[in-house]
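Written below as structure tokens is the structure these notes are about.
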Amino acid sequence: MMEEKVREAIVTELERQAEASPSKLRISVRDEELVADGKIDLDGLATAIVGAVAGAP
């Protein structure tokens with residue numbers, strides 16, 4: 001489903017951002033919830049979501 005692809009893209013991108021800058025962003029994913037503490041690169045997140053919707057890997 002589209003929602004699953006978008007959700008996966010969001011989590012994957014935020015995990016990537018947190019790994020790249022652990023002092024700037026921490027995330028925790030549990031079941032249907034995601035908790036983010038810090039700065040999020042919205043352009044990177046938007047690109048990941050658009051890629052998921054467009055069918056990019």
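Letters A, B, ... mark the chains of the structure tokens in the order given; residue numbers begin at 1 per chain; ligand numbers begin at 1, in order shown.
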Got a sec: who's within 7 Å of Ala48 in chain A, counting only C-alpha atoms, leaving out chain neighbours fewer than 2 positions off, as an MDAnalysis selection string? chainID A and resid 9:10 13 44:46 50:52
If DSSP is run on the backbone, what residues of chain A are helix (DSSP H, G or I)? A reply as number ranges by chain would be ideal. A: 2-20, 42-54
Keeping only N, CA and C atoms, write the selected residues as a compact mmCIF listing (two decimals), in the first residue's frame.
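Generated output (part29.txt):
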# COMPACT_ATOMS: atom_id res chain seq x y z
N MET A 2 0.33 2.31 -0.49
CA MET A 2 1.03 3.58 -0.56
C MET A 2 1.44 4.08 0.82
N GLU A 3 0.53 3.94 1.79
CA GLU A 3 0.82 4.42 3.14
C GLU A 3 2.03 3.72 3.74
N GLU A 4 2.15 2.42 3.50
CA GLU A 4 3.28 1.66 4.02
C GLU A 4 4.58 2.14 3.41
N LYS A 5 4.58 2.41 2.10
CA LYS A 5 5.78 2.90 1.43
C LYS A 5 6.19 4.26 1.97
N VAL A 6 5.22 5.14 2.18
CA VAL A 6 5.52 6.47 2.71
C VAL A 6 6.04 6.36 4.14
N ARG A 7 5.40 5.55 4.94
CA ARG A 7 5.83 5.36 6.34
C ARG A 7 7.26 4.82 6.37
N GLU A 8 7.54 3.82 5.55
CA GLU A 8 8.88 3.24 5.51
C GLU A 8 9.91 4.28 5.06
N ALA A 9 9.56 5.08 4.06
CA ALA A 9 10.47 6.12 3.58
C ALA A 9 10.77 7.14 4.67
N ILE A 10 9.76 7.52 5.43
CA ILE A 10 9.95 8.49 6.52
C ILE A 10 10.88 7.92 7.57
N VAL A 11 10.60 6.72 8.02
CA VAL A 11 11.42 6.10 9.07
C VAL A 11 12.85 5.91 8.59
N THR A 12 13.02 5.40 7.38
CA THR A 12 14.36 5.16 6.84
C THR A 12 15.15 6.45 6.73
N GLU A 13 14.52 7.50 6.23
CA GLU A 13 15.21 8.79 6.08
C GLU A 13 15.56 9.39 7.43
N LEU A 14 14.65 9.33 8.38
CA LEU A 14 14.95 9.89 9.69
C LEU A 14 16.03 9.08 10.40
N GLU A 15 16.05 7.77 10.23
CA GLU A 15 17.12 6.95 10.80
C GLU A 15 18.45 7.32 10.16
N ARG A 16 18.44 7.56 8.85
CA ARG A 16 19.66 7.95 8.14
C ARG A 16 20.18 9.28 8.68
N GLN A 17 19.27 10.24 8.83
CA GLN A 17 19.67 11.54 9.35
C GLN A 17 20.20 11.43 10.78
N ALA A 18 19.58 10.62 11.60
CA ALA A 18 20.02 10.44 12.99
C ALA A 18 21.39 9.78 13.05
N GLU A 19 21.64 8.82 12.17
CA GLU A 19 22.95 8.17 12.13
C GLU A 19 24.03 9.12 11.65
N ALA A 20 23.68 10.00 10.71
CA ALA A 20 24.65 10.96 10.16
C ALA A 20 25.00 12.05 11.17
N LEU A 42 14.14 18.81 6.29
CA LEU A 42 12.86 18.63 5.61
C LEU A 42 13.03 18.37 4.12
N ASP A 43 14.04 18.97 3.49
CA ASP A 43 14.27 18.71 2.07
C ASP A 43 14.62 17.24 1.85
N GLY A 44 15.48 16.70 2.70
CA GLY A 44 15.84 15.29 2.59
C GLY A 44 14.65 14.39 2.84
N LEU A 45 13.83 14.75 3.81
CA LEU A 45 12.63 13.96 4.13
C LEU A 45 11.63 14.02 2.98
N ALA A 46 11.42 15.21 2.44
CA ALA A 46 10.49 15.37 1.31
C ALA A 46 10.96 14.58 0.10
N THR A 47 12.26 14.61 -0.17
CA THR A 47 12.81 13.86 -1.30
C THR A 47 12.58 12.36 -1.12
N ALA A 48 12.77 11.86 0.09
CA ALA A 48 12.56 10.44 0.36
C ALA A 48 11.10 10.06 0.17
N ILE A 49 10.19 10.91 0.60
CA ILE A 49 8.76 10.62 0.46
C ILE A 49 8.35 10.64 -1.00
N VAL A 50 8.80 11.66 -1.73
CA VAL A 50 8.47 11.74 -3.16
C VAL A 50 9.02 10.53 -3.89
N GLY A 51 10.23 10.11 -3.54
CA GLY A 51 10.82 8.93 -4.16
C GLY A 51 10.00 7.68 -3.89
N ALA A 52 9.50 7.55 -2.68
CA ALA A 52 8.67 6.39 -2.34
C ALA A 52 7.37 6.39 -3.13
N VAL A 53 6.77 7.57 -3.26
CA VAL A 53 5.50 7.68 -3.99
C VAL A 53 5.71 7.43 -5.48
N ALA A 54 6.86 7.89 -5.99
CA ALA A 54 7.15 7.73 -7.42
C ALA A 54 7.65 6.33 -7.75
Tell me, in Å to one decimal, how far CA of Leu25 in chain A is from CA of Met1 in chain A.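 Separation between CA of Leu25 in chain A and CA of Met1 in chain A: 28.4 Å.
The environment of Lys24 in chain A within 8 Å, counting only C-alpha atoms and disregarding residues fewer than 3 places along the same chain, consists of Ala18, Ser21, Gly38 and Lys39 of chain A.
Taking the backbone of this structure through DSSP, the residues of chain A that come out as strand (DSSP E or B) are Leu25, Arg26, Ile27, Ser28, Val29, Arg30, Glu33, Leu34, Val35, Ala36, Asp37 and Gly38 of chain A.
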